[in-house]
Amino acid sequence: MRGLLLALLLAVACRPADRPVTPPPAHRIVSLAPSSTELLFALGAGGQLVGRTTWCRYPPAALQVPDVGDGLNPNIEAIAARQPDLVVLYRSPLNETATTQLARLGIPAVTVAQDRLEDIARAARELGRLTGHEAAGDSIGAALEALLRTPAPTPIARVAFVVWDNPPMVIGGGSYLDQLATLAGGANVFHDLGAASATVSIETIVARNPDVILVLSDSSAPPAYSGRREWRAIRAVREQRFIMLPADLFGRPSPSAPAAVAALRRALEARAK
Amino acid sequence: MNRWLALGALVVVALVSAVALGPAHVALGDLASSEIVRSLRIPRALLALLVGGSLGVAGVSLQALVRNPLADPFLLGLSGGAGLGAVLAIALHVAGPWALPLAAFAGALGAMALVYRLGLVGGAQLDPRVLLLAGVAVGAFSGAITTAIVSLAEAADLRNAFLWLWGGLSGASWDTVLVMVVYIPVPLVVLYAAARPLDLLALGEEPATHLGADVEPLKRRVYVAASLLTAAAVAVSGVIGFVGLIVPHITRLVWGHRHRALLPAAFLGGGALLLFADTAARVAVAPRELPVGIVTALVGVPLFALLLRRWAGTRS
């Protein structure tokens with residue numbers, strides 16, 4: 001019985017490999033999310049890109065690719081005008097209409113989850129295969145999977161990601177940034193919140209008392225709210241214990257996750273001294 | 001007199017529960033010494049009282065002015081103006097801890113001035129119906145500009161400006177309480193002084209004039225004072241719906257139509273409603289927090305419906 005189950009599982013797991021014909025690699029790709037654009041450049045498929053969203057600004061070479069507008073509810077006409085042979089969509093209910101519209105036009109499209117580290121590993125392999133960069137995809141995928149398998153180090157600091165101040169919004173356990181923090185030795189004090197982000201009261205942040213507040217920002221200046229009295233009830237704000245995370249490295253789920261983890265680890269160690 | 005005692009008790013219960021309850025656990029014995037209570041809960045409770053009270057009073061005054069039971073302090077275009085101000089401040093990178101509240105206040109005042117100008121028919125008379133329409137038009141227009149900026153601009157912060165606009169009381173501190181304590185007495189006194197003429201205005205402009213009310217200056221004073229109250233409320237706490245719509249009706253059902261009683265009752269009632277709503281918003285799904293505007297609707301609307309049925313029942 002167990003053997004049968006295993007065989008069934010294997011059959012299900014191997015199905016993509018059993019496709020009768022592998023389509024030829026795409027060479028006119030439109031990428032509709034910042035993460036997939038960065039990933040395609042990392043795979044070496046940047047030269048095959050013929051469209052990107054307004055928000056795809058990394059790596060800098062992406063800015064040379066024509067802009068087709070938004071990635072959620074995308075402009076199908078602008079995409080079709082690029083005559084793509086592959087459209088990469090971000091997996092979201094908001095993109096379901098776009099997917100059917102593209103199918104109706106006969107434009108091949110894949111929908112790719114890109115919210116967490118494991119999504120990027122899976123996307124690297126899939127996009128590598130679809131664009132003729134299978135080896136690069138496997139190597140990025142393997143590197144990210146190895147990172148995921150690394151046992152998380154003993155936490156050296158309790159952290160909170162504060163992404164907006166009024167209402168106060170923090171990053172919860174269901175997010176990529178939470179994964180990075182855990183791997184870097186930072187215990188997210190809002191890990192128990194299942195959502196990727198959530199609104200909380202300032203007093204909840206005071207009570208959970210993080211050692212450091214992590215801020216997504218390219219500037220080194222402390223966030224504006226640190227000058228407000230209600231925020232100074234938080235010890236880390238009062239003591240100006242902020243770590244600024246540059247958007248290029250931390251702003252989206254990325255194949256550079258190992259570098260981001262290492263950078264965050266160094267910053268946390270420097271703070272701990 | 002019992003009504004006033006009951007209302008006073010309600011406010012006290014609302015204040016005490018707002019200070020005693022919260023997502024963080026503070027033992028009852030530590031309430032007096034706790035940093036969370038002293039620098040977060042007490043100012044937030046006081047701000048809820050002041051903002052809720054301001055919205056209640058602004059609602060009573062505006063409903064009397066435009067003689068329309070649907071009038072809400074935010075119907076006159078102020079929320080649209082405040083939102084535009086806040087979004088512009090972010091888009092133009094105006095920095096500083098007080099940038100957003102000040103920009104929203106300026107935007108609300110801008111909308112107020114524009115609506116006022118449009119409402120002046122023939123350059124002299126303030127026509128309440130035109131005022132309402134001008135408010136809706138200015139609100140829709142500034143809302144459209146705001147949405148255009150947010151959808152075209154690049155900064156992710158801009159989308160958060162909408163969150164701020166519907167944000168509630170998380171920006172409360174002793175600073176904001178102090179600003180409100182200094183600011184709101186002036187419009188409150190202006191409106192209270194207009195209590196008797198407002199009673200006459202309810203009869204219609206012509207009868208009011210015959211009964212000795214100086215109608216034109218009265219309308220201007222009431223409009224400006226109520227708008228100034230609303231602008232301050234939106235600057236410190238964003239747009240909080242339903243308080244300014246429902247509280248006037250509830251207080252009118254209990255206190256009748258005399259504004260000398262109605263205005264203070266609306267202040268205390270609005271304060272109590274917002275206090276209860278904010279406490280529920282902080283505690284109900286802790287450690288997460290609900291937008292307070294949702295709670296004011298969830299608490300206020302059923303209460304309103306209940307009173308409305310009783311009132312309709314006594315009339316038939």
# chains A, B, ... in the order shown; residues from 1 in each chain; ligands from 1
call {"tool": "closest_atom_pairs", "arguments": {"of": "chain B", "to": "chain A", "cutoff": "8 Å", "atoms": "only C-alpha atoms", "output": "JSON lines"}}
result
{"residue": "B:Gly22", "atom": "CA", "partner": "A:Glu203", "partner_atom": "CA", "distance": 7.9}
{"residue": "B:Pro23", "atom": "CA", "partner": "A:Thr204", "partner_atom": "CA", "distance": 6.1}
{"residue": "B:Ala24", "atom": "CA", "partner": "A:Thr204", "partner_atom": "CA", "distance": 5.5}
{"residue": "B:His25", "atom": "CA", "partner": "A:Ala207", "partner_atom": "CA", "distance": 8.0}
{"residue": "B:Glu35", "atom": "CA", "partner": "A:Ala233", "partner_atom": "CA", "distance": 7.2}
{"residue": "B:Ile36", "atom": "CA", "partner": "A:Glu203", "partner_atom": "CA", "distance": 6.1}
{"residue": "B:Ser39", "atom": "CA", "partner": "A:Glu230", "partner_atom": "CA", "distance": 6.5}
{"residue": "B:Leu40", "atom": "CA", "partner": "A:Glu230", "partner_atom": "CA", "distance": 6.2}
{"residue": "B:Ala95", "atom": "CA", "partner": "A:Ala224", "partner_atom": "CA", "distance": 7.0}
{"residue": "B:Gly96", "atom": "CA", "partner": "A:Ala224", "partner_atom": "CA", "distance": 5.4}
{"residue": "B:Pro97", "atom": "CA", "partner": "A:Ala224", "partner_atom": "CA", "distance": 4.9}
{"residue": "B:Glu154", "atom": "CA", "partner": "A:Trp55", "partner_atom": "CA", "distance": 7.5}
{"residue": "B:Asn160", "atom": "CA", "partner": "A:Trp164", "partner_atom": "CA", "distance": 7.4}
{"residue": "B:Leu163", "atom": "CA", "partner": "A:Pro167", "partner_atom": "CA", "distance": 6.8}
{"residue": "B:Trp164", "atom": "CA", "partner": "A:Asn166", "partner_atom": "CA", "distance": 5.5}
{"residue": "B:Gly167", "atom": "CA", "partner": "A:Pro167", "partner_atom": "CA", "distance": 5.4}
{"residue": "B:Gly168", "atom": "CA", "partner": "A:Pro167", "partner_atom": "CA", "distance": 7.3}
{"residue": "B:Ser170", "atom": "CA", "partner": "A:Pro167", "partner_atom": "CA", "distance": 5.8}
{"residue": "B:Gly171", "atom": "CA", "partner": "A:Asn166", "partner_atom": "CA", "distance": 6.2}
{"residue": "B:Ala172", "atom": "CA", "partner": "A:Glu230", "partner_atom": "CA", "distance": 6.7}
{"residue": "B:Ser173", "atom": "CA", "partner": "A:Glu230", "partner_atom": "CA", "distance": 5.0}
{"residue": "B:Trp174", "atom": "CA", "partner": "A:Arg229", "partner_atom": "CA", "distance": 7.5}
{"residue": "B:Asp175", "atom": "CA", "partner": "A:Arg229", "partner_atom": "CA", "distance": 7.3}
{"residue": "B:Arg282", "atom": "CA", "partner": "A:Ser201", "partner_atom": "CA", "distance": 6.8}
{"residue": "B:Ala286", "atom": "CA", "partner": "A:Val200", "partner_atom": "CA", "distance": 7.7}
{"residue": "B:Pro287", "atom": "CA", "partner": "A:Val200", "partner_atom": "CA", "distance": 6.1}
{"residue": "B:Arg288", "atom": "CA", "partner": "A:Val200", "partner_atom": "CA", "distance": 4.5}
{"residue": "B:Glu289", "atom": "CA", "partner": "A:Val200", "partner_atom": "CA", "distance": 4.9}
{"residue": "B:Leu290", "atom": "CA", "partner": "A:Thr199", "partner_atom": "CA", "distance": 7.5}
call {"tool": "write_last_selection", "arguments": {"atoms": "C-alpha atoms", "output": "short mmCIF file (atom, residue, chain, number, x, y, z; two decimals), in the first residue's frame"}}
result
data_model
loop_
_atom_site.label_atom_id
_atom_site.label_comp_id
_atom_site.auth_asym_id
_atom_site.auth_seq_id
_atom_site.Cartn_x
_atom_site.Cartn_y
_atom_site.Cartn_z
CA GLY B 22 -5.39 47.14 25.32
CA PRO B 23 -3.48 44.56 23.32
CA ALA B 24 -0.55 44.65 25.75
CA HIS B 25 -1.14 43.12 29.15
CA GLU B 35 4.75 53.63 30.46
CA ILE B 36 2.28 52.13 27.95
CA SER B 39 2.37 57.76 27.05
CA LEU B 40 0.09 55.76 24.75
CA ALA B 95 9.66 65.39 5.35
CA GLY B 96 9.22 65.67 9.09
CA PRO B 97 7.18 63.99 11.78
CA GLU B 154 6.21 55.66 -8.20
CA ASN B 160 0.02 54.08 2.35
CA LEU B 163 -4.14 53.94 4.88
CA TRP B 164 -3.19 57.06 6.79
CA GLY B 167 -5.99 55.49 9.75
CA GLY B 168 -7.72 56.24 13.03
CA SER B 170 -2.65 55.53 16.15
CA GLY B 171 -0.99 58.93 15.80
CA ALA B 172 -2.20 59.95 19.27
CA SER B 173 0.32 61.44 21.68
CA TRP B 174 0.36 64.15 24.33
CA ASP B 175 1.43 66.51 21.51
CA ARG B 282 -7.39 47.81 19.52
CA ALA B 286 -5.19 41.81 19.12
CA PRO B 287 -2.28 41.89 18.45
CA ARG B 288 -3.63 43.14 15.14
CA GLU B 289 -5.71 46.28 14.96
CA LEU B 290 -8.90 47.06 13.05
#
call {"tool": "residues_around", "arguments": {"residues": "Thr154 of chain A", "least_positions_apart": "2", "cutoff": "8 Å", "atoms": "only C-alpha atoms", "output": "ChimeraX atom specification"}}
result
/A:152,156,185
call {"tool": "write_last_selection", "arguments": {"atoms": "N, CA and C atoms", "output": "mmCIF file, in the first residue's frame"}}
result
data_model
loop_
_atom_site.group_PDB
_atom_site.id
_atom_site.type_symbol
_atom_site.label_atom_id
_atom_site.label_comp_id
_atom_site.auth_asym_id
_atom_site.auth_seq_id
_atom_site.Cartn_x
_atom_site.Cartn_y
_atom_site.Cartn_z
ATOM 1 N N ALA A 152 18.453 27.415 11.085
ATOM 2 C CA ALA A 152 18.491 28.817 11.481
ATOM 3 C C ALA A 152 19.421 28.973 12.684
ATOM 4 N N ILE A 156 20.344 36.297 17.599
ATOM 5 C CA ILE A 156 21.204 37.209 18.346
ATOM 6 C C ILE A 156 20.500 38.527 18.634
ATOM 7 N N GLY A 185 19.650 35.326 11.922
ATOM 8 C CA GLY A 185 19.786 35.361 13.376
ATOM 9 C C GLY A 185 18.970 36.461 14.027
#
call {"tool": "select_by_dssp", "arguments": {"residues": "segment 107-275 of chain B", "states": "helix (DSSP H, G or I)", "output": "PyMOL selection string"}}
result
chain B and resi 107-119+128-152+157-165+174-183+185-193+195-201+205-210+215-237+243-255+259-275
call {"tool": "write_last_selection", "arguments": {"atoms": "C-alpha atoms", "output": "compact mmCIF listing (two decimals), in the first residue's frame"}}
result
# COMPACT_ATOMS: atom_id res chain seq x y z
CA GLY B 107 -5.80 70.50 2.22
CA ALA B 108 -8.98 70.42 4.30
CA LEU B 109 -8.85 74.21 4.76
CA GLY B 110 -8.32 74.63 1.01
CA ALA B 111 -11.37 72.50 0.28
CA MET B 112 -13.35 74.43 2.88
CA ALA B 113 -12.47 77.77 1.27
CA LEU B 114 -13.35 76.51 -2.18
CA VAL B 115 -16.70 75.02 -1.09
CA TYR B 116 -17.49 78.24 0.80
CA ARG B 117 -16.74 80.34 -2.28
CA LEU B 118 -18.88 78.10 -4.50
CA GLY B 119 -21.68 78.18 -1.91
CA PRO B 128 -27.13 75.54 1.99
CA ARG B 129 -28.22 73.45 -1.00
CA VAL B 130 -25.47 74.87 -3.19
CA LEU B 131 -23.07 74.37 -0.30
CA LEU B 132 -23.90 70.65 -0.14
CA LEU B 133 -23.54 70.20 -3.89
CA ALA B 134 -20.29 72.18 -3.91
CA GLY B 135 -19.00 69.98 -1.09
CA VAL B 136 -19.78 66.79 -2.98
CA ALA B 137 -18.25 68.19 -6.17
CA VAL B 138 -15.05 69.44 -4.51
CA GLY B 139 -14.72 66.14 -2.63
CA ALA B 140 -15.11 64.08 -5.80
CA PHE B 141 -12.72 66.29 -7.76
CA SER B 142 -9.95 66.25 -5.17
CA GLY B 143 -10.52 62.51 -4.73
CA ALA B 144 -9.98 62.01 -8.46
CA ILE B 145 -6.75 64.04 -8.44
CA THR B 146 -5.55 62.07 -5.41
CA THR B 147 -6.24 58.75 -7.09
CA ALA B 148 -4.51 59.91 -10.27
CA ILE B 149 -1.38 60.90 -8.33
CA VAL B 150 -1.35 57.63 -6.40
CA SER B 151 -1.78 55.45 -9.46
CA LEU B 152 0.77 57.30 -11.59
CA ASP B 157 4.52 55.23 0.27
CA LEU B 158 1.72 56.90 -1.64
CA ARG B 159 -0.53 53.90 -1.38
CA ASN B 160 0.02 54.08 2.35
CA ALA B 161 -1.31 57.64 2.32
CA PHE B 162 -4.73 56.11 1.83
CA LEU B 163 -4.14 53.94 4.88
CA TRP B 164 -3.19 57.06 6.79
CA LEU B 165 -6.32 58.82 5.61
CA TRP B 174 0.36 64.15 24.33
CA ASP B 175 1.43 66.51 21.51
CA THR B 176 -1.69 65.87 19.44
CA VAL B 177 -3.90 66.07 22.55
CA LEU B 178 -2.33 69.42 23.42
CA VAL B 179 -2.87 70.74 19.89
CA MET B 180 -6.56 69.75 20.04
CA VAL B 181 -7.05 71.14 23.56
CA VAL B 182 -5.70 74.50 22.45
CA TYR B 183 -7.47 74.52 19.11
CA PRO B 185 -12.41 75.48 22.22
CA VAL B 186 -12.66 78.41 19.80
CA PRO B 187 -14.93 76.73 17.19
CA LEU B 188 -16.82 74.96 20.00
CA VAL B 189 -17.60 78.25 21.73
CA VAL B 190 -18.58 79.87 18.42
CA LEU B 191 -21.04 77.05 17.75
CA TYR B 192 -22.42 77.03 21.29
CA ALA B 193 -22.99 80.76 21.09
CA ALA B 195 -27.19 77.51 19.67
CA ARG B 196 -30.32 79.67 19.97
CA PRO B 197 -30.20 81.07 16.39
CA LEU B 198 -29.62 77.51 15.13
CA ASP B 199 -32.93 76.51 16.75
CA LEU B 200 -34.60 79.27 14.74
CA LEU B 201 -32.76 78.32 11.56
CA GLU B 205 -34.38 80.89 6.81
CA GLU B 206 -37.31 83.24 6.36
CA PRO B 207 -39.06 82.43 9.67
CA ALA B 208 -35.67 82.65 11.40
CA THR B 209 -35.14 86.12 9.98
CA HIS B 210 -38.60 87.19 11.14
CA VAL B 215 -29.21 84.53 9.21
CA GLU B 216 -26.37 85.28 6.78
CA PRO B 217 -23.57 85.85 9.31
CA LEU B 218 -24.94 82.92 11.33
CA LYS B 219 -24.65 80.52 8.40
CA ARG B 220 -21.10 81.63 7.66
CA ARG B 221 -19.99 81.35 11.26
CA VAL B 222 -21.50 77.90 11.64
CA TYR B 223 -20.06 76.62 8.38
CA VAL B 224 -16.55 77.89 9.11
CA ALA B 225 -16.51 76.74 12.75
CA ALA B 226 -17.84 73.25 11.96
CA SER B 227 -15.36 72.90 9.11
CA LEU B 228 -12.46 74.01 11.31
CA LEU B 229 -13.44 71.32 13.83
CA THR B 230 -13.59 68.67 11.10
CA ALA B 231 -10.29 69.78 9.57
CA ALA B 232 -8.54 69.39 12.91
CA ALA B 233 -10.11 65.96 13.41
CA VAL B 234 -9.00 64.75 10.00
CA ALA B 235 -5.48 66.11 10.55
CA VAL B 236 -4.92 64.15 13.77
CA SER B 237 -6.89 61.00 13.01
CA VAL B 243 -19.68 59.51 14.19
CA GLY B 244 -20.66 62.87 12.72
CA LEU B 245 -23.68 61.35 10.99
CA ILE B 246 -25.13 59.09 13.66
CA VAL B 247 -24.39 60.91 16.91
CA PRO B 248 -26.45 64.00 15.98
CA HIS B 249 -29.46 61.82 15.22
CA ILE B 250 -29.14 59.77 18.40
CA THR B 251 -28.76 62.87 20.56
CA ARG B 252 -31.69 64.53 18.82
CA LEU B 253 -33.85 61.47 19.57
CA VAL B 254 -33.00 61.77 23.27
CA TRP B 255 -32.58 65.52 23.78
CA HIS B 259 -29.16 73.13 20.37
CA ARG B 260 -28.17 74.46 23.78
CA ALA B 261 -28.59 70.86 25.03
CA LEU B 262 -27.91 69.14 21.73
CA LEU B 263 -24.39 70.49 21.19
CA PRO B 264 -22.89 69.41 24.54
CA ALA B 265 -24.73 66.08 24.34
CA ALA B 266 -23.33 65.48 20.85
CA PHE B 267 -19.82 66.27 22.10
CA LEU B 268 -20.04 63.77 24.95
CA GLY B 269 -21.91 61.20 22.87
CA GLY B 270 -19.47 61.44 19.96
CA GLY B 271 -16.56 61.16 22.37
CA ALA B 272 -18.03 58.09 24.06
CA LEU B 273 -18.82 56.37 20.75
CA LEU B 274 -15.32 56.91 19.40
CA LEU B 275 -13.76 55.80 22.70
call {"tool": "closest_residue", "arguments": {"among": "B:Ala86, B:Ala58, B:Val13, B:Val285", "to": "Pro73 of chain B", "atoms": "only C-alpha atoms"}}
result
B:Ala58
call {"tool": "decode", "arguments": {"residues": "segment 221-248 of chain A", "atoms": "N, CA and C atoms", "output": "tab-separated table (two decimals), in the first residue's frame"}}
result
chain	number	residue	atom	x	y	z
A	221	ALA	N	19.10	58.15	7.15
A	221	ALA	CA	18.44	58.94	8.20
A	221	ALA	C	17.39	58.10	8.91
A	222	PRO	N	17.22	58.26	10.21
A	222	PRO	CA	16.16	57.53	10.91
A	222	PRO	C	14.80	57.94	10.37
A	223	PRO	N	13.82	57.04	10.41
A	223	PRO	CA	12.50	57.37	9.86
A	223	PRO	C	11.87	58.56	10.58
A	224	ALA	N	10.97	59.28	9.85
A	224	ALA	CA	10.39	60.51	10.38
A	224	ALA	C	9.65	60.27	11.70
A	225	TYR	N	9.02	59.10	11.83
A	225	TYR	CA	8.22	58.88	13.04
A	225	TYR	C	9.08	58.81	14.31
A	226	SER	N	10.39	58.60	14.14
A	226	SER	CA	11.22	58.50	15.34
A	226	SER	C	11.27	59.82	16.09
A	227	GLY	N	10.82	60.92	15.45
A	227	GLY	CA	10.76	62.20	16.13
A	227	GLY	C	9.44	62.41	16.86
A	228	ARG	N	8.50	61.47	16.71
A	228	ARG	CA	7.19	61.69	17.34
A	228	ARG	C	7.15	61.04	18.71
A	229	ARG	N	6.45	61.72	19.61
A	229	ARG	CA	6.52	61.31	21.01
A	229	ARG	C	5.94	59.92	21.25
A	230	GLU	N	4.79	59.61	20.56
A	230	GLU	CA	4.16	58.31	20.82
A	230	GLU	C	5.09	57.16	20.42
A	231	TRP	N	5.92	57.37	19.39
A	231	TRP	CA	6.82	56.30	18.96
A	231	TRP	C	7.98	56.13	19.92
A	232	ARG	N	8.30	57.18	20.66
A	232	ARG	CA	9.45	57.09	21.56
A	232	ARG	C	9.13	56.25	22.79
A	233	ALA	N	7.89	55.78	22.90
A	233	ALA	CA	7.58	54.81	23.95
A	233	ALA	C	8.24	53.46	23.66
A	234	ILE	N	8.61	53.25	22.40
A	234	ILE	CA	9.30	52.00	22.04
A	234	ILE	C	10.79	52.18	22.33
A	235	ARG	N	11.35	51.24	23.10
A	235	ARG	CA	12.74	51.39	23.53
A	235	ARG	C	13.68	51.53	22.33
A	236	ALA	N	13.50	50.66	21.31
A	236	ALA	CA	14.41	50.70	20.16
A	236	ALA	C	14.35	52.04	19.43
A	237	VAL	N	13.18	52.68	19.44
A	237	VAL	CA	13.06	53.99	18.79
A	237	VAL	C	13.76	55.04	19.64
A	238	ARG	N	13.51	54.97	20.97
A	238	ARG	CA	14.13	55.93	21.88
A	238	ARG	C	15.65	55.87	21.77
A	239	GLU	N	16.17	54.65	21.67
A	239	GLU	CA	17.63	54.49	21.60
A	239	GLU	C	18.13	54.53	20.17
A	240	GLN	N	17.24	54.88	19.24
A	240	GLN	CA	17.61	55.02	17.82
A	240	GLN	C	18.29	53.76	17.28
A	241	ARG	N	17.76	52.63	17.65
A	241	ARG	CA	18.33	51.36	17.18
A	241	ARG	C	17.60	50.92	15.91
A	242	PHE	N	18.00	51.52	14.79
A	242	PHE	CA	17.42	51.19	13.49
A	242	PHE	C	18.49	50.53	12.62
A	243	ILE	N	18.07	49.58	11.79
A	243	ILE	CA	18.94	49.08	10.72
A	243	ILE	C	18.22	49.34	9.41
A	244	MET	N	18.90	50.08	8.52
A	244	MET	CA	18.29	50.41	7.23
A	244	MET	C	18.62	49.32	6.22
A	245	LEU	N	17.59	48.82	5.55
A	245	LEU	CA	17.79	47.78	4.57
A	245	LEU	C	17.59	48.38	3.17
A	246	PRO	N	18.66	48.39	2.34
A	246	PRO	CA	18.52	48.99	1.01
A	246	PRO	C	17.53	48.21	0.14
A	247	ALA	N	16.73	48.94	-0.63
A	247	ALA	CA	15.67	48.32	-1.42
A	247	ALA	C	16.21	47.36	-2.47
A	248	ASP	N	17.39	47.66	-3.06
A	248	ASP	CA	17.92	46.78	-4.10
A	248	ASP	C	18.10	45.36	-3.60
